[in-house]
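Written out below as structure tokens is the structure these notes cover.
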Amino acid sequence: MSGVALEPAFQPDITQYTVRVASGVASVTVTATAADPTATVKVNGQAVASGQASEPISLTVGDNTITVEVTAGNPAVTKVYTITVRKQSDNADLSALSVNGTPLAGFDPAQLAYTVSVSYSVTSVTVTPTTADAAASVTVNGQNVASGTASEPISLNVGNNTITVAVTAEDGTTKTYTITVKRAANKASGSGGGGGGGGGGGSSSRSVNQWSFHIKDGTIHCCNNELVLSIPAGAAEQTLRITITQVANTGSLSAALEEGQSIVSHVFEIVKNKPGLFQKPVTLSIRFDPVKAGEERVVSVFYFDEEEQKWKNLGGTVEGEWITTKKDHFTKFAAIALDADKAGETAETPQASEPAFGDIAGHWGETYILKAAEEHLVNGYPDGTFRPNQAVTRAEFLVMLVNALGLENTGGTLNFTDEDRIGAWAKEAAAVAAQLGIVNGYPDGSFRPDAPITRAEMAVTVAKALGIGKDKAQTASFTDDADIPAWAKADVYALKEQGLVQGDEGNSFAPQKTATRAEAAVLLLKVKENRR
């Protein structure tokens with residue numbers, strides 16, 4: 001077909017095929033070669049010589065059905081092949097954009113930059129983007145968001161906060177909208193804001209020094225050699241913007257100390273642009289003044305509990321003028337000296353938290369979701385929800401699958417045409433999957449990481465990861481077996497045979513339906529248990 005590969009590869013016994021073409025393709029031709037030289041061939045009802053191209057067939061955006069009829073024998077028997085040509089849309093426009101539920105004034109799909117001002121009391125915002133084309137995908141600060149739904153809360157620093165809304169059309173065309181949220185300074189404190197770039201110190205004319213970093217994992221040496229922050233691999237799913245502020249006015253913080261305690265370092269407030277806990281604790285080292293600490297006292301790292309308005313002891317290991325500890329979230333930190341007999345009494349003991357989600361009670365996948373969370377196969381959201389019915393993207397599912405099976409990269413690299421669209425948090429998993437043949441991409445060489453994964457695609461991906469299904473030709477006995485693409489039938493059957501997938505109440509599989517977070521959690525848990 002006009003040099004475009006059929007999916008799956010052609011076999012005489014397979015009668016249904018799909019082809020995806022770019023938005024710029026206006027038409028295609030079909031060349032059908034009959035096995036019997038006496039056979040006649042028709043393409044969309046028009047007679048075509050065997051082995052010769054048809055007349056150009058015009059395409060519209062979306063699915064275009066082309067039929068190829070081959071008639072041979074006496075009496076004559078006709079076999080019909082169907083090709084669904086998906087002409088991808090290049091529409092990467094937004095039709096609406098809201099901040100904290102309020103539509104942006106004067107929004108125009110062609111205008112890419114906007115500014116919103118909020119008061120100091122506003123510490124976070126949500127962004128709701130709505131795509132003009134239902135086939136387009138959208139991210140807010142790199143996180144996938146369903147069109148028309150709010151993003152996770154985005155923490156705000158005083159001053160300018162840049163939020164990017166990236167829209168990817170079905171054919172890979174991208175458009176990025178930028179929202180600058182200006183958060184007002186705290187007039188009551190009288191302290192200046194402002195951010196320094198990449199490790200540079202704050203201006204001497206300001207009362208606050210501030211540093212900003214973009215990092216996923218690694219070590220930050222900051223604040224004129226007063227602070228070191230180490231983020232282990234796997235602690236964050238993607239690159240973060242971390243802002244570290246040396247607090248100038250510590251009066252209220254000092255007032256919150258208990259008797260016999262004193263601050264012996266700078267106070268540092270650390271924030272990141274993504275809410276929620278780290279998946280692994282980060283290591284924090286603070287330089288303190290041994291003279292202020294005194295010889296008869298113990299130094300510990302404390303963090304400030306904003307809700308209780310009190311300092312809490314994390315303990316720590318002292319080496320010279322430095323003390324080191326670990327924590328799974330950011331807030332205000334300082335080295336505090338206290339009497340030796342008080343050190344052990346007040347040190348905080350980390351406790352593992354049980355997963356609890358506020359939106360899965362009564363859901364059909366509740367038990368599986370809780371179990372999958374306990375085994376760290378899936379995570380919830382900072383607001384305490386799991387969002388079981390939310391769609392899962394191809395990249396998200398791949399990361400979860402690679403983690404669930406404990407697959408490791410032994411030198412595989414990415415070779416997709418849209419590699420730059422794969423987030424840093426998913427590149428390693430994508431490389432592993434490509435190396436092992438779990439994913440091969442689309443005929444145009446793309447991976448489409450932000451595209452929602454269908455149930456058929458999810459089944460094929462799992463079957464390839466487990467090494468099952470490719471030699472099985474049986475049907476899965478679902479009521480909609482005919483709707484399961486030929487390239488997925490064997491894998492769906494294999495997964496059903498092993499109890500990894502099942503139909504709904506009407507015993508339908510719904511192969512083209514977008515897979516949900518609940519379905520992904522259930523399947524991954526079953527896969528992991530099946531491997532034990």
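Ligands are numbered from 1 in the order shown, residues from 1 within each chain, and chains are lettered A, B, ... in the order they appear in the structure tokens.
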Contact residues around A:Gly51 with only C-alpha atoms at 8 Å, ignoring same-chain residues under 2 positions, as an NGL selection string | :A and (31-34 or 49 or 53)
Write out, as a JSON list (two decimals), in the first residue's frame, the residues just selected, with C-alpha atoms.
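The resulting selection08.json:
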```json
[["chain", "number", "residue", "atom", "x", "y", "z"],
["A", 31, "THR", "CA", -1.65, -3.06, -4.92],
["A", 32, "ALA", "CA", -3.19, -6.52, -4.55],
["A", 33, "THR", "CA", -1.57, -9.58, -6.10],
["A", 34, "ALA", "CA", -3.82, -12.63, -6.41],
["A", 49, "ALA", "CA", -5.31, -5.84, -12.47],
["A", 53, "ALA", "CA", -1.80, -0.23, -8.13]]
```
Could you name the residues that touch A:Pro8 at 10 Å or less, counting only C-alpha atoms, but leaving out those on the same chain fewer than 2 positions away, as a list in words?
->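 Residues near the query, excluding close chain neighbours: Ala5, Leu6, Phe10, Gln11, Ile14, Gln16, Tyr17, Thr18, Val19, Pro443, Pro485, Ala486, Trp487 and Ala488 of chain A.
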What does the file look like for those residues with C-alpha atoms, as a PDB file, in the first residue's frame?
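Result file again19.pdb:
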```pdb
ATOM      1  CA  ALA A   5       3.555  -1.435   5.958  1.00  0.00           C
ATOM      2  CA  LEU A   6       0.420  -3.337   6.897  1.00  0.00           C
ATOM      3  CA  PHE A  10       0.360  -9.682   5.352  1.00  0.00           C
ATOM      4  CA  GLN A  11      -0.664 -13.326   5.508  1.00  0.00           C
ATOM      5  CA  ILE A  14      -5.600 -12.783   7.774  1.00  0.00           C
ATOM      6  CA  GLN A  16      -8.209  -7.445   8.558  1.00  0.00           C
ATOM      7  CA  TYR A  17      -5.336  -4.937   8.572  1.00  0.00           C
ATOM      8  CA  THR A  18      -4.597  -1.474   9.824  1.00  0.00           C
ATOM      9  CA  VAL A  19      -2.324   1.220   8.429  1.00  0.00           C
ATOM     10  CA  PRO A 443       5.167   1.459  11.287  1.00  0.00           C
ATOM     11  CA  PRO A 485      -7.094  -7.354  15.926  1.00  0.00           C
ATOM     12  CA  ALA A 486      -5.416 -10.325  14.264  1.00  0.00           C
ATOM     13  CA  TRP A 487      -2.027  -9.201  15.615  1.00  0.00           C
ATOM     14  CA  ALA A 488      -3.359  -9.467  19.186  1.00  0.00           C
TER      15      ALA A 488
END
```
Find the residues near A:Ala465: any atom within 10 Å, counting only C-alpha atoms, skip ones fewer than 2 places away on the same chain, and give them as a PyMOL selection string.
-> chain A and resi 401-402+405+407+433+436-439+459-463+467-468+527
Please identify all polymer residues within 9 Å of stretch 416-428 of chain A, counting only C-alpha atoms, omitting same-chain residues fewer than 3 positions from it, and present them as a PyMOL selection string.
-> chain A and resi 142+172+216+234+236-239+395-396+398-399+408-409+412-413+431-433+440-441+444-450
Go ahead and save the residues from that selection, with N, CA and C atoms, as a CSV table (one decimal), in the first residue's frame.
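Done, and the output landed in part18.csv:
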```
chain,number,residue,atom,x,y,z
A,142,GLY,N,5.1,18.2,32.2
A,142,GLY,CA,5.6,16.8,31.9
A,142,GLY,C,4.8,15.7,32.4
A,172,GLY,N,2.0,13.3,16.1
A,172,GLY,CA,3.3,13.7,16.7
A,172,GLY,C,3.6,15.2,16.6
A,216,LYS,N,16.9,15.0,38.3
A,216,LYS,CA,16.1,13.9,38.6
A,216,LYS,C,16.8,13.0,39.7
A,234,GLY,N,15.6,6.5,41.1
A,234,GLY,CA,14.3,5.9,41.5
A,234,GLY,C,13.5,6.7,42.5
A,236,ALA,N,12.6,9.9,42.2
A,236,ALA,CA,11.7,10.7,41.5
A,236,ALA,C,11.4,10.1,40.1
A,237,GLU,N,10.2,10.2,39.6
A,237,GLU,CA,9.9,9.7,38.3
A,237,GLU,C,10.4,10.5,37.1
A,238,GLN,N,10.6,11.8,37.4
A,238,GLN,CA,11.0,12.7,36.3
A,238,GLN,C,11.9,13.8,36.9
A,239,THR,N,12.4,14.6,36.0
A,239,THR,CA,13.2,15.8,36.4
A,239,THR,C,12.4,16.7,37.2
A,395,ALA,N,3.7,4.9,27.8
A,395,ALA,CA,5.0,5.0,28.6
A,395,ALA,C,4.7,4.6,30.1
A,396,GLU,N,3.6,5.1,30.7
A,396,GLU,CA,3.3,4.7,32.1
A,396,GLU,C,3.2,3.2,32.2
A,398,LEU,N,4.5,0.9,30.4
A,398,LEU,CA,5.8,0.2,30.2
A,398,LEU,C,6.7,0.3,31.4
A,399,VAL,N,6.7,1.5,32.0
A,399,VAL,CA,7.5,1.6,33.3
A,399,VAL,C,7.0,0.7,34.4
A,408,GLU,N,16.0,-5.5,33.5
A,408,GLU,CA,17.2,-4.6,33.6
A,408,GLU,C,17.8,-4.4,32.2
A,409,ASN,N,18.3,-3.2,32.0
A,409,ASN,CA,18.9,-2.8,30.7
A,409,ASN,C,20.4,-3.4,30.7
A,412,GLY,N,20.7,-1.8,25.9
A,412,GLY,CA,19.8,-1.4,24.9
A,412,GLY,C,19.7,0.1,24.8
A,413,THR,N,19.4,0.6,23.7
A,413,THR,CA,19.2,2.1,23.4
A,413,THR,C,17.9,2.3,22.7
A,431,ALA,N,14.0,1.7,26.8
A,431,ALA,CA,15.2,1.1,26.3
A,431,ALA,C,15.2,-0.4,26.6
A,432,VAL,N,14.8,-0.8,27.8
A,432,VAL,CA,14.8,-2.2,28.2
A,432,VAL,C,13.8,-2.9,27.4
A,433,ALA,N,12.6,-2.4,27.2
A,433,ALA,CA,11.5,-3.0,26.5
A,433,ALA,C,11.9,-3.2,25.0
A,440,ASN,N,7.9,-2.6,19.8
A,440,ASN,CA,8.6,-2.4,18.5
A,440,ASN,C,8.3,-1.0,17.9
A,441,GLY,N,7.3,-0.3,18.4
A,441,GLY,CA,6.9,0.9,17.9
A,441,GLY,C,5.9,0.8,16.7
A,444,ASP,N,5.6,3.9,11.4
A,444,ASP,CA,6.4,5.1,11.1
A,444,ASP,C,7.6,5.3,12.0
A,445,GLY,N,7.9,4.3,12.8
A,445,GLY,CA,9.1,4.3,13.7
A,445,GLY,C,8.9,5.1,15.0
A,446,SER,N,7.6,5.5,15.3
A,446,SER,CA,7.4,6.2,16.5
A,446,SER,C,7.0,5.3,17.6
A,447,PHE,N,7.1,5.8,18.9
A,447,PHE,CA,6.7,5.1,20.1
A,447,PHE,C,5.4,5.6,20.6
A,448,ARG,N,5.1,6.9,20.5
A,448,ARG,CA,3.9,7.6,21.0
A,448,ARG,C,3.7,7.3,22.5
A,449,PRO,N,4.7,7.8,23.3
A,449,PRO,CA,4.6,7.6,24.8
A,449,PRO,C,3.4,8.1,25.5
A,450,ASP,N,2.8,9.2,25.0
A,450,ASP,CA,1.7,9.8,25.7
A,450,ASP,C,0.4,9.3,25.2
```
What lies within 9 Å of A:Lys326 using only C-alpha atoms, ignoring chain neighbours under 5 positions off, as a PyMOL selection string?
-> chain A and resi 281-285+314+316
Go ahead and save the picked residues with N, CA and C atoms, as an mmCIF file, in the first residue's frame.
```
data_model
loop_
_atom_site.group_PDB
_atom_site.id
_atom_site.type_symbol
_atom_site.label_atom_id
_atom_site.label_comp_id
_atom_site.auth_asym_id
_atom_site.auth_seq_id
_atom_site.Cartn_x
_atom_site.Cartn_y
_atom_site.Cartn_z
ATOM 1 N N PRO A 281 14.013 7.767 50.131
ATOM 2 C CA PRO A 281 14.466 8.932 50.905
ATOM 3 C C PRO A 281 15.666 9.603 50.245
ATOM 4 N N VAL A 282 15.716 10.936 50.337
ATOM 5 C CA VAL A 282 16.865 11.694 49.850
ATOM 6 C C VAL A 282 17.799 11.962 51.027
ATOM 7 N N THR A 283 19.073 12.147 50.734
ATOM 8 C CA THR A 283 20.078 12.387 51.772
ATOM 9 C C THR A 283 20.380 13.877 51.859
ATOM 10 N N LEU A 284 20.364 14.392 53.064
ATOM 11 C CA LEU A 284 20.551 15.821 53.308
ATOM 12 C C LEU A 284 21.734 16.013 54.259
ATOM 13 N N SER A 285 22.692 16.828 53.839
ATOM 14 C CA SER A 285 23.844 17.150 54.691
ATOM 15 C C SER A 285 23.901 18.661 54.900
ATOM 16 N N LEU A 314 15.237 14.617 63.369
ATOM 17 C CA LEU A 314 15.514 13.516 62.454
ATOM 18 C C LEU A 314 16.768 12.744 62.829
ATOM 19 N N GLY A 316 20.789 12.083 62.914
ATOM 20 C CA GLY A 316 21.795 12.326 61.895
ATOM 21 C C GLY A 316 23.171 11.847 62.324
#
```
